[in-house]
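Structure data follow from data_29.cif (mmCIF, C-alpha atoms and all ligand atoms):
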```
data_coords
#
loop_
_atom_site.label_atom_id
_atom_site.label_comp_id
_atom_site.auth_asym_id
_atom_site.auth_seq_id
_atom_site.Cartn_x
_atom_site.Cartn_y
_atom_site.Cartn_z
CA MET A 10 -108.33 104.26 83.05
CA THR A 11 -108.06 100.60 82.20
CA GLY A 12 -104.74 98.83 82.08
CA TRP A 13 -103.69 95.32 81.17
CA GLU A 14 -105.27 92.54 83.19
CA PRO A 15 -103.77 89.06 83.40
CA PRO A 16 -106.14 86.64 81.65
CA ALA A 17 -107.39 83.53 83.48
CA TYR A 18 -104.79 80.78 83.37
CA PRO A 19 -106.06 78.57 80.52
CA TYR A 20 -106.09 75.31 82.49
CA GLU A 21 -108.49 76.77 85.08
CA ARG A 22 -111.26 76.25 82.52
CA LEU A 23 -110.85 72.51 83.06
CA GLU A 24 -112.04 72.55 86.66
CA PRO A 25 -115.54 71.13 85.91
CA ALA A 26 -114.01 68.16 84.03
CA ARG A 27 -111.51 67.63 86.83
CA ARG A 28 -114.27 67.58 89.43
CA LYS A 29 -116.26 65.07 87.41
CA ALA A 30 -113.22 62.78 87.06
CA ALA A 31 -112.28 63.14 90.73
CA ALA A 32 -115.74 61.93 91.75
CA LEU A 33 -115.13 58.44 90.28
CA PRO A 34 -113.83 55.73 92.64
CA GLY A 35 -110.05 55.84 92.25
CA GLY A 36 -110.16 59.51 91.28
CA ALA A 37 -109.02 61.47 88.24
CA VAL A 38 -106.37 60.39 85.76
CA ASP A 39 -105.22 63.88 84.95
CA LEU A 40 -103.50 64.10 81.57
CA SER A 41 -104.21 67.80 81.07
CA ILE A 42 -100.93 69.45 82.12
CA GLY A 43 -97.53 68.18 80.99
CA THR A 44 -95.95 68.05 84.42
CA PRO A 45 -93.46 65.18 84.90
CA VAL A 46 -94.27 62.54 87.53
CA ASP A 47 -91.33 60.14 87.29
CA PRO A 48 -88.35 60.35 89.64
CA PRO A 49 -85.35 62.52 88.76
CA PRO A 50 -81.92 60.85 88.57
CA ALA A 51 -80.48 59.94 91.98
CA GLY A 52 -77.16 61.71 91.23
CA VAL A 53 -79.03 64.96 90.72
CA VAL A 54 -80.80 64.70 94.04
CA ALA A 55 -77.45 63.93 95.73
CA ALA A 56 -75.86 67.00 94.12
CA LEU A 57 -78.72 69.13 95.46
CA ALA A 58 -78.50 67.64 98.94
CA SER A 59 -74.79 68.52 99.24
CA GLY A 60 -75.88 72.10 99.92
CA GLU A 61 -72.99 73.44 97.87
CA GLY A 62 -73.70 76.61 95.98
CA VAL A 63 -76.17 78.00 98.52
CA GLY A 64 -74.03 80.75 100.02
CA GLY A 65 -72.98 83.06 97.22
CA TYR A 66 -74.86 84.62 94.33
CA PRO A 67 -74.89 82.27 91.35
CA PRO A 68 -73.78 83.65 87.96
CA SER A 69 -76.80 84.68 85.90
CA VAL A 70 -75.21 83.38 82.68
CA GLY A 71 -74.55 79.99 84.29
CA THR A 72 -71.48 78.64 86.05
CA PRO A 73 -68.58 77.73 83.74
CA ALA A 74 -69.17 74.07 84.73
CA LEU A 75 -72.83 74.21 83.70
CA ARG A 76 -72.14 76.01 80.42
CA GLU A 77 -69.41 73.45 79.62
CA ALA A 78 -71.88 70.67 80.44
CA VAL A 79 -74.45 72.23 78.09
CA ALA A 80 -71.85 72.52 75.32
CA GLY A 81 -70.90 68.88 75.93
CA TRP A 82 -74.55 67.80 75.78
CA LEU A 83 -75.08 69.70 72.52
CA ALA A 84 -71.98 68.03 71.04
CA GLY A 85 -73.01 64.58 72.26
CA THR A 86 -76.66 64.82 71.24
CA PHE A 87 -76.40 66.63 67.91
CA GLY A 88 -72.71 66.72 67.00
CA VAL A 89 -72.73 70.55 67.06
CA ASP A 90 -69.79 72.45 68.41
CA VAL A 91 -70.90 75.45 70.48
CA GLY A 92 -68.44 77.15 72.79
CA ALA A 93 -69.50 77.70 76.41
CA ASP A 94 -69.45 81.45 75.65
CA ALA A 95 -72.38 81.02 73.27
CA VAL A 96 -74.48 79.38 76.02
CA GLY A 97 -76.68 80.96 78.69
CA VAL A 98 -78.96 79.48 81.32
CA CYS A 99 -82.52 80.38 82.32
CA VAL A 100 -84.83 79.70 85.24
CA GLY A 101 -86.71 77.07 83.24
CA THR A 102 -87.47 77.92 79.64
CA LYS A 103 -90.93 79.33 80.31
CA GLU A 104 -89.47 82.54 81.68
CA LEU A 105 -87.12 82.83 78.70
CA VAL A 106 -90.04 82.37 76.30
CA ALA A 107 -92.14 84.91 78.22
CA THR A 108 -89.46 87.60 78.56
CA THR A 109 -87.29 87.41 75.43
CA PRO A 110 -89.57 89.59 73.26
CA GLN A 111 -89.31 92.54 75.65
CA TRP A 112 -85.52 92.32 75.74
CA LEU A 113 -85.20 91.94 71.97
CA HIS A 114 -87.52 94.91 71.50
CA LEU A 115 -85.02 97.06 73.43
CA ARG A 116 -82.41 96.01 70.87
CA ARG A 117 -84.69 96.53 67.87
CA PRO A 118 -87.34 99.12 68.81
CA ASP A 119 -88.26 99.38 65.13
CA ARG A 120 -89.71 95.84 65.19
CA ASP A 121 -92.94 95.12 67.09
CA THR A 122 -94.13 91.66 66.03
CA VAL A 123 -93.65 88.17 67.43
CA LEU A 124 -94.46 85.33 65.02
CA TYR A 125 -95.37 81.99 66.58
CA PRO A 126 -97.11 78.74 65.58
CA ALA A 127 -100.90 79.15 65.40
CA VAL A 128 -101.43 76.04 67.55
CA SER A 129 -98.79 76.08 70.27
CA TYR A 130 -97.60 76.54 73.82
CA PRO A 131 -99.52 79.64 74.98
CA THR A 132 -96.46 81.43 76.39
CA TYR A 133 -95.15 82.38 72.90
CA ALA A 134 -98.12 84.73 72.43
CA MET A 135 -98.07 85.79 76.08
CA GLY A 136 -94.43 86.92 75.79
CA ALA A 137 -95.46 89.35 73.05
CA GLU A 138 -98.47 90.52 75.01
CA LEU A 139 -96.41 91.13 78.17
CA ALA A 140 -94.07 93.30 76.10
CA GLY A 141 -96.93 95.27 74.53
CA LEU A 142 -96.02 93.80 71.14
CA ARG A 143 -98.09 92.21 68.37
CA ALA A 144 -98.45 88.43 68.62
CA VAL A 145 -99.11 87.18 65.10
CA PRO A 146 -99.86 83.46 64.68
CA VAL A 147 -98.29 81.65 61.72
CA PRO A 148 -100.72 79.14 60.15
CA LEU A 149 -99.77 75.48 60.26
CA ASP A 150 -99.85 73.03 57.36
CA GLU A 151 -101.79 69.75 57.32
CA ARG A 152 -99.01 68.14 59.38
CA TRP A 153 -99.16 70.90 62.04
CA ARG A 154 -95.88 72.47 60.84
CA LEU A 155 -95.24 76.19 60.37
CA ASP A 156 -96.37 77.43 56.98
CA LEU A 157 -94.05 80.40 56.67
CA SER A 158 -95.19 80.98 53.10
CA ALA A 159 -98.46 82.21 54.64
CA VAL A 160 -96.79 85.02 56.59
CA ASP A 161 -97.81 88.44 55.31
CA PRO A 162 -94.60 90.15 54.03
CA ALA A 163 -95.57 93.24 56.06
CA ASP A 164 -95.58 91.12 59.24
CA ALA A 165 -92.24 89.55 58.28
CA GLN A 166 -90.75 93.03 57.96
CA ARG A 167 -91.99 93.96 61.43
CA ALA A 168 -90.92 90.64 63.00
CA LEU A 169 -88.67 90.79 66.03
CA LEU A 170 -88.40 87.02 66.18
CA VAL A 171 -90.09 83.78 65.13
CA TRP A 172 -90.78 80.97 67.60
CA VAL A 173 -90.60 77.45 66.26
CA ASN A 174 -91.16 74.39 68.47
CA SER A 175 -89.86 71.00 67.39
CA PRO A 176 -90.99 68.42 68.43
CA ALA A 177 -94.05 70.55 68.98
CA ASN A 178 -96.47 70.88 71.82
CA PRO A 179 -99.32 70.01 71.38
CA ALA A 180 -99.43 68.17 68.03
CA GLY A 181 -96.02 66.45 68.17
CA ALA A 182 -94.87 67.76 64.77
CA ILE A 183 -91.22 67.74 63.77
CA GLU A 184 -90.35 70.91 61.88
CA ASP A 185 -88.08 71.37 58.88
CA LEU A 186 -85.61 73.48 60.87
CA THR A 187 -83.34 74.03 57.86
CA ALA A 188 -86.21 75.67 55.98
CA VAL A 189 -87.24 77.74 59.01
CA ALA A 190 -83.66 78.95 59.62
CA GLY A 191 -83.34 79.80 55.91
CA TRP A 192 -86.55 81.84 56.01
CA GLY A 193 -85.26 83.85 58.97
CA ARG A 194 -81.80 84.42 57.52
CA ALA A 195 -83.22 85.56 54.18
CA ARG A 196 -85.26 88.22 56.01
CA GLY A 197 -82.94 89.12 58.89
CA VAL A 198 -85.46 87.76 61.43
CA PRO A 199 -84.00 85.82 64.39
CA ILE A 200 -85.39 82.31 64.81
CA PHE A 201 -85.84 81.02 68.35
CA SER A 202 -86.17 77.25 68.28
CA ASP A 203 -87.79 75.76 71.38
CA GLU A 204 -86.45 72.20 71.43
CA CYS A 205 -87.50 71.25 74.96
CA TYR A 206 -88.90 67.88 73.76
CA VAL A 207 -86.01 67.04 71.47
CA GLU A 208 -84.98 63.90 73.33
CA LEU A 209 -88.49 62.60 72.79
CA THR A 210 -88.09 62.40 69.01
CA TRP A 211 -89.89 59.33 67.64
CA GLN A 212 -89.48 59.87 63.89
CA GLY A 213 -85.92 60.39 62.68
CA SER A 214 -83.04 61.55 64.87
CA PRO A 215 -83.17 64.40 67.38
CA ALA A 216 -82.51 67.63 65.47
CA THR A 217 -81.47 71.13 66.47
CA ILE A 218 -81.59 74.35 64.49
CA LEU A 219 -77.93 74.83 65.47
CA SER A 220 -77.00 72.19 62.87
CA THR A 221 -77.83 74.80 60.20
CA GLY A 222 -75.18 77.16 61.66
CA MET A 223 -75.35 79.69 64.49
CA ASP A 224 -76.09 82.78 62.43
CA GLY A 225 -79.43 84.33 63.42
CA VAL A 226 -80.69 81.34 65.41
CA VAL A 227 -81.01 80.46 69.10
CA ALA A 228 -81.91 76.96 70.34
CA VAL A 229 -83.69 76.62 73.68
CA HIS A 230 -83.54 73.45 75.79
CA SER A 231 -84.87 72.39 79.16
CA LEU A 232 -84.10 69.81 81.83
CA SER A 233 -87.75 69.71 82.89
CA LYS A 234 -88.93 66.90 80.60
CA ARG A 235 -85.63 65.22 79.78
CA SER A 236 -84.70 64.64 83.41
CA ASN A 237 -87.99 65.08 85.33
CA LEU A 238 -86.64 68.28 86.82
CA ALA A 239 -89.48 70.73 86.20
CA GLY A 240 -89.30 71.67 89.88
CA LEU A 241 -85.60 72.53 89.66
CA ARG A 242 -86.17 75.27 87.03
CA VAL A 243 -83.18 74.90 84.74
CA GLY A 244 -83.15 75.60 81.03
CA HIS A 245 -80.46 76.77 78.63
CA TYR A 246 -80.07 78.53 75.31
CA ALA A 247 -77.30 78.68 72.74
CA GLY A 248 -76.60 79.98 69.28
CA ASP A 249 -75.92 83.26 67.50
CA GLY A 250 -73.10 84.98 69.41
CA GLU A 251 -74.58 88.46 69.25
CA LEU A 252 -78.10 87.43 70.31
CA VAL A 253 -76.86 85.18 73.10
CA THR A 254 -74.49 87.85 74.42
CA PHE A 255 -77.25 90.46 74.34
CA LEU A 256 -79.67 88.20 76.25
CA ARG A 257 -77.01 87.16 78.74
CA GLU A 258 -76.16 90.79 79.50
CA VAL A 259 -79.78 91.97 79.85
CA ARG A 260 -80.70 89.01 81.99
CA LYS A 261 -77.82 89.82 84.36
CA HIS A 262 -79.37 93.24 84.99
CA VAL A 263 -82.79 91.71 85.58
CA GLY A 264 -81.34 89.30 88.14
CA MET A 265 -82.44 86.15 86.34
CA MET A 266 -80.39 83.54 88.19
CA VAL A 267 -80.71 79.77 88.42
CA PRO A 268 -80.03 78.97 92.10
CA GLY A 269 -76.49 77.71 92.77
CA PRO A 270 -77.46 74.20 93.96
CA ALA A 271 -79.73 73.82 90.92
CA GLN A 272 -76.84 74.72 88.61
CA ARG A 273 -74.68 72.05 90.24
CA ALA A 274 -77.47 69.50 89.99
CA ALA A 275 -78.00 70.35 86.33
CA VAL A 276 -74.37 69.47 85.56
CA ALA A 277 -75.01 66.01 87.02
CA ALA A 278 -78.25 65.66 85.02
CA LEU A 279 -76.68 66.61 81.69
CA ALA A 280 -73.91 64.08 82.16
CA ASP A 281 -76.38 61.25 82.79
CA THR A 282 -77.65 59.97 79.45
CA ALA A 283 -78.85 56.63 80.85
CA HIS A 284 -81.74 58.11 82.81
CA ALA A 285 -82.79 60.21 79.81
CA ALA A 286 -82.90 57.07 77.65
CA HIS A 287 -84.95 55.30 80.32
CA GLN A 288 -87.40 58.19 80.56
CA ARG A 289 -87.74 58.22 76.81
CA GLU A 290 -88.80 54.55 76.82
CA THR A 291 -91.29 55.27 79.60
CA TYR A 292 -92.96 57.94 77.49
CA ARG A 293 -92.89 55.79 74.37
CA ARG A 294 -94.59 52.93 76.21
CA ARG A 295 -97.26 55.20 77.73
CA LEU A 296 -98.02 56.87 74.40
CA ALA A 297 -98.63 53.48 72.76
CA ARG A 298 -100.71 52.24 75.69
CA MET A 299 -102.91 55.34 75.92
CA ALA A 300 -103.33 55.43 72.14
CA GLY A 301 -104.71 51.88 72.34
CA LEU A 302 -107.09 52.81 75.16
CA LEU A 303 -108.42 55.85 73.31
CA ARG A 304 -108.90 53.76 70.18
CA SER A 305 -110.96 51.30 72.23
CA ALA A 306 -112.96 54.31 73.43
CA GLY A 307 -113.82 55.07 69.80
CA ALA A 308 -111.20 57.65 68.77
CA SER A 309 -108.89 57.51 65.79
CA VAL A 310 -105.38 58.06 67.18
CA ASP A 311 -102.02 58.56 65.48
CA LEU A 312 -98.83 58.39 67.49
CA PRO A 313 -96.93 61.71 67.49
CA ALA A 314 -93.66 62.25 65.59
CA GLY A 315 -92.22 63.58 68.84
CA GLY A 316 -93.03 64.75 72.35
CA LEU A 317 -95.07 63.32 75.19
CA TYR A 318 -98.58 64.20 74.04
CA LEU A 319 -101.31 62.47 72.09
CA TRP A 320 -103.19 64.93 69.88
CA VAL A 321 -106.52 63.40 69.03
CA ARG A 322 -109.48 64.56 66.98
CA ALA A 323 -112.58 64.42 69.17
CA PRO A 324 -115.02 61.82 67.81
CA GLY A 325 -117.98 64.01 66.87
CA GLY A 326 -115.78 67.10 66.59
CA ASP A 327 -116.63 68.86 69.87
CA ALA A 328 -113.46 68.76 72.01
CA TRP A 329 -115.01 70.25 75.15
CA ALA A 330 -117.94 67.81 75.02
CA TRP A 331 -115.58 64.86 74.51
CA THR A 332 -113.35 66.07 77.35
CA GLU A 333 -116.38 66.15 79.69
CA GLN A 334 -117.50 62.73 78.48
CA LEU A 335 -114.07 61.14 79.02
CA ALA A 336 -113.86 62.72 82.46
CA GLY A 337 -117.23 61.29 83.45
CA ASP A 338 -116.83 57.84 81.85
CA LEU A 339 -113.13 57.08 82.32
CA GLY A 340 -111.94 59.74 84.76
CA VAL A 341 -109.45 60.90 82.13
CA VAL A 342 -108.85 64.64 81.88
CA GLY A 343 -107.35 65.92 78.63
CA SER A 344 -106.99 69.50 77.42
CA PRO A 345 -109.17 70.76 74.58
CA GLY A 346 -107.08 71.91 71.64
CA ASP A 347 -108.38 75.47 71.49
CA LEU A 348 -106.33 76.17 74.63
CA TYR A 349 -103.38 76.15 72.19
CA GLY A 350 -105.01 78.45 69.63
CA PRO A 351 -108.35 78.59 67.81
CA ALA A 352 -107.03 76.35 65.02
CA GLY A 353 -106.65 73.56 67.60
CA ALA A 354 -110.43 73.42 68.14
CA GLY A 355 -111.87 69.93 67.72
CA TYR A 356 -108.75 68.22 69.11
CA VAL A 357 -107.82 67.12 72.61
CA ARG A 358 -104.29 66.81 73.99
CA PHE A 359 -103.35 64.05 76.43
CA ALA A 360 -100.05 64.30 78.35
CA MET A 361 -98.41 61.01 79.31
CA VAL A 362 -97.71 62.16 82.83
CA VAL A 363 -99.28 59.54 85.05
CA PRO A 364 -97.66 56.37 86.36
CA ASP A 365 -98.54 53.20 84.47
CA GLU A 366 -100.91 52.04 87.26
CA ARG A 367 -103.16 54.99 86.46
CA LEU A 368 -103.44 53.77 82.88
CA ASP A 369 -104.32 50.31 84.27
CA LEU A 370 -107.21 52.02 86.04
CA VAL A 371 -108.35 53.61 82.77
CA ALA A 372 -108.21 50.17 81.14
CA GLU A 373 -110.36 48.70 83.94
CA ARG A 374 -112.92 51.49 83.65
CA LEU A 375 -113.02 51.05 79.91
CA ALA A 376 -113.58 47.29 80.26
CA THR A 377 -116.47 47.93 82.71
CA LEU A 378 -117.97 50.44 80.33
CA THR A 379 -117.72 48.40 77.15
CA GLY A 380 -118.47 45.04 78.81
CA PRO A 381 -116.86 41.67 78.06
C1 LIG A 401 -93.19 73.96 74.24
C2 LIG A 401 -92.79 74.26 75.62
N1 LIG A 401 -91.79 75.13 75.83
C3 LIG A 401 -91.38 75.42 77.07
C4 LIG A 401 -91.97 74.83 78.18
C5 LIG A 401 -91.49 75.26 79.55
O1 LIG A 401 -90.75 74.32 80.20
P1 LIG A 401 -89.80 74.71 81.41
O2 LIG A 401 -90.10 76.12 81.82
O3 LIG A 401 -90.12 73.76 82.50
O4 LIG A 401 -88.39 74.58 80.90
C6 LIG A 401 -92.99 73.91 78.02
C7 LIG A 401 -93.62 73.29 79.19
O5 LIG A 401 -94.50 72.48 79.12
C8 LIG A 401 -93.41 73.61 76.69
O6 LIG A 401 -94.39 72.73 76.44
#
```
Could you render the structure from this file as structure tokens?
Amino acid sequence: MTGWEPPAYPYERLEPARRKAAALPGGAVDLSIGTPVDPPPAGVVAALASGEGVGGYPPSVGTPALREAVAGWLAGTFGVDVGADAVGVCVGTKELVATTPQWLHLRRPDRDTVLYPAVSYPTYAMGAELAGLRAVPVPLDERWRLDLSAVDPADAQRALLVWVNSPANPAGAIEDLTAVAGWGRARGVPIFSDECYVELTWQGSPATILSTGMDGVVAVHSLSKRSNLAGLRVGHYAGDGELVTFLREVRKHVGMMVPGPAQRAAVAALADTAHAAHQRETYRRRLARMAGLLRSAGASVDLPAGGLYLWVRAPGGDAWAWTEQLAGDLGVVGSPGDLYGPAGAGYVRFAMVVPDERLDLVAERLATLTGP
């Protein structure tokens, strides 16, 4: 009998490129995984160090203080009014993305399909797979946005939920969330909008699906990128009262709990908009700098509409070959686009997650390579 086997973690395929880059004097400049490197806000670290919240079990749905802080952040960032009762917290958003399909399937056993962007964060498809459901990719348009008109009506009828990601990983697209919400409402399909990069919106203002109303939609946010708190594991979700209540109740039974000290620290992080603005400028500066370096290395690079990634067509079209070449020549490790879906083939994603001095090193290597 053969059962399900966990596939290799996609980034493990990058080991040869990493080794090549690490062999250069000064080592690798690893831009493959979007893990934050900048310091978290000092107030957050102080809240953690107080030790408060360690003794008792933390509420799975989030402390009242944290849910109020989330509601306040939603009001301040987007002008939407969401009561703390329509908010829940998660242990980082990855686990919410990975587990939500199996919980929603308990609610709607008649629906077995998860729709997600064809080039995207791999956990959307994995969440369907872990639940034994169908993961059906939605094609993207020429601007890397969901083309919902391409969804087969039979798949729409079977859809348990649609994932949309705006600004998107990896291509940085900003979605038309009004259109996506309208598509879901017209068909009775819940839309889950992963907005974990929303504070890194470069074109237009930060937008949430909640601005279209709460009915049938859930917005998902994370402190990982906004506040350099990926190690704290705090995310939150808000929206449609029935969906949020259902998830909150199931998740209580599963024992999904953000540790007490992390919940306290998250309140401090959400209240601090100055550090988020500072971090945003750091990413903006790095994106522009790295875009310039890659252009000097012969690539044609557009800045993203949002997010912390450059999404670049490999000169010559072979993303794995270009990744190896950049690793050997410049010590830069990117991630080939097919890690985000077959339609991403030919592109490479670069995450702006190294301190500026590491980009100085890339500039020096480039100058040595290209000569005076
Ligand atoms: C699109 C997207 N969603 C969710 C996550 C998960 O973030 P976290 O679990 O740290 O909140 C990531 C992480 O890179 C991501 O790129």
Item to complete: Return as a PyMOL selection string every polymer residue, whether protein, DNA or RNA, with at least one atom no more than 9 Å from an atom of ligand LIG 401 (chain A); count only C-alpha atoms and all ligand atoms.
Response: chain A and resi 42-44+99-106+129-133+174-179+203-206+229-234+238-245
Considering only C-alpha atoms, give me a table of residues in region 232-315 of chain A that are at most 10 Å from region 208-226 of chain A, with the closest atom pair and distance in Å for each, as CSV.
```
residue,atom,partner,partner_atom,distance
A:Lys234,CA,A:Glu208,CA,8.8
A:Arg235,CA,A:Glu208,CA,6.6
A:Ala247,CA,A:Leu219,CA,8.3
A:Gly248,CA,A:Met223,CA,5.0
A:Asp249,CA,A:Met223,CA,4.7
A:Gly250,CA,A:Met223,CA,7.6
A:Glu251,CA,A:Gly225,CA,8.6
A:Leu252,CA,A:Gly225,CA,7.7
A:Val253,CA,A:Val226,CA,9.4
A:Ala285,CA,A:Glu208,CA,7.8
A:Ala286,CA,A:Glu208,CA,8.3
A:Gln288,CA,A:Leu209,CA,9.0
A:Arg289,CA,A:Leu209,CA,6.0
A:Glu290,CA,A:Leu209,CA,9.0
A:Tyr292,CA,A:Leu209,CA,8.0
A:Arg293,CA,A:Trp211,CA,8.2
A:Leu312,CA,A:Trp211,CA,9.0
A:Pro313,CA,A:Trp211,CA,7.4
A:Ala314,CA,A:Gln212,CA,5.1
A:Gly315,CA,A:Thr210,CA,4.3
```
Practice prompt. May I have the residues within 10 Å of Thr109 (chain A) as a VMD selection string, using only C-alpha atoms and disregarding those fewer than 2 positions away in the same chain?
Written response: chain A and resid 104 to 107 111 to 114 133 136 to 137 140 170 201 256 259 to 260
Practice prompt. Figure out the distance between CA of Asn237 (chain A) and CA of Leu317 (chain A), please, to one decimal in Å.
Written response: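 The value is 12.5 Å.
Comparing the minimum interatomic distances between Ala308 (chain A) and each of A:Trp82, A:Tyr356, A:Trp153, A:Tyr125, counting all atoms listed in the file, we find that A:Tyr356 sits nearest.
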Worksheet item: For Asp347 (chain A), which residue out of A:Ala127, A:Leu57, A:Ala37, A:Val89 is the nearest one, using all atoms listed in the file?
Response: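 The closest residue to Asp347 (chain A) is A:Ala127.
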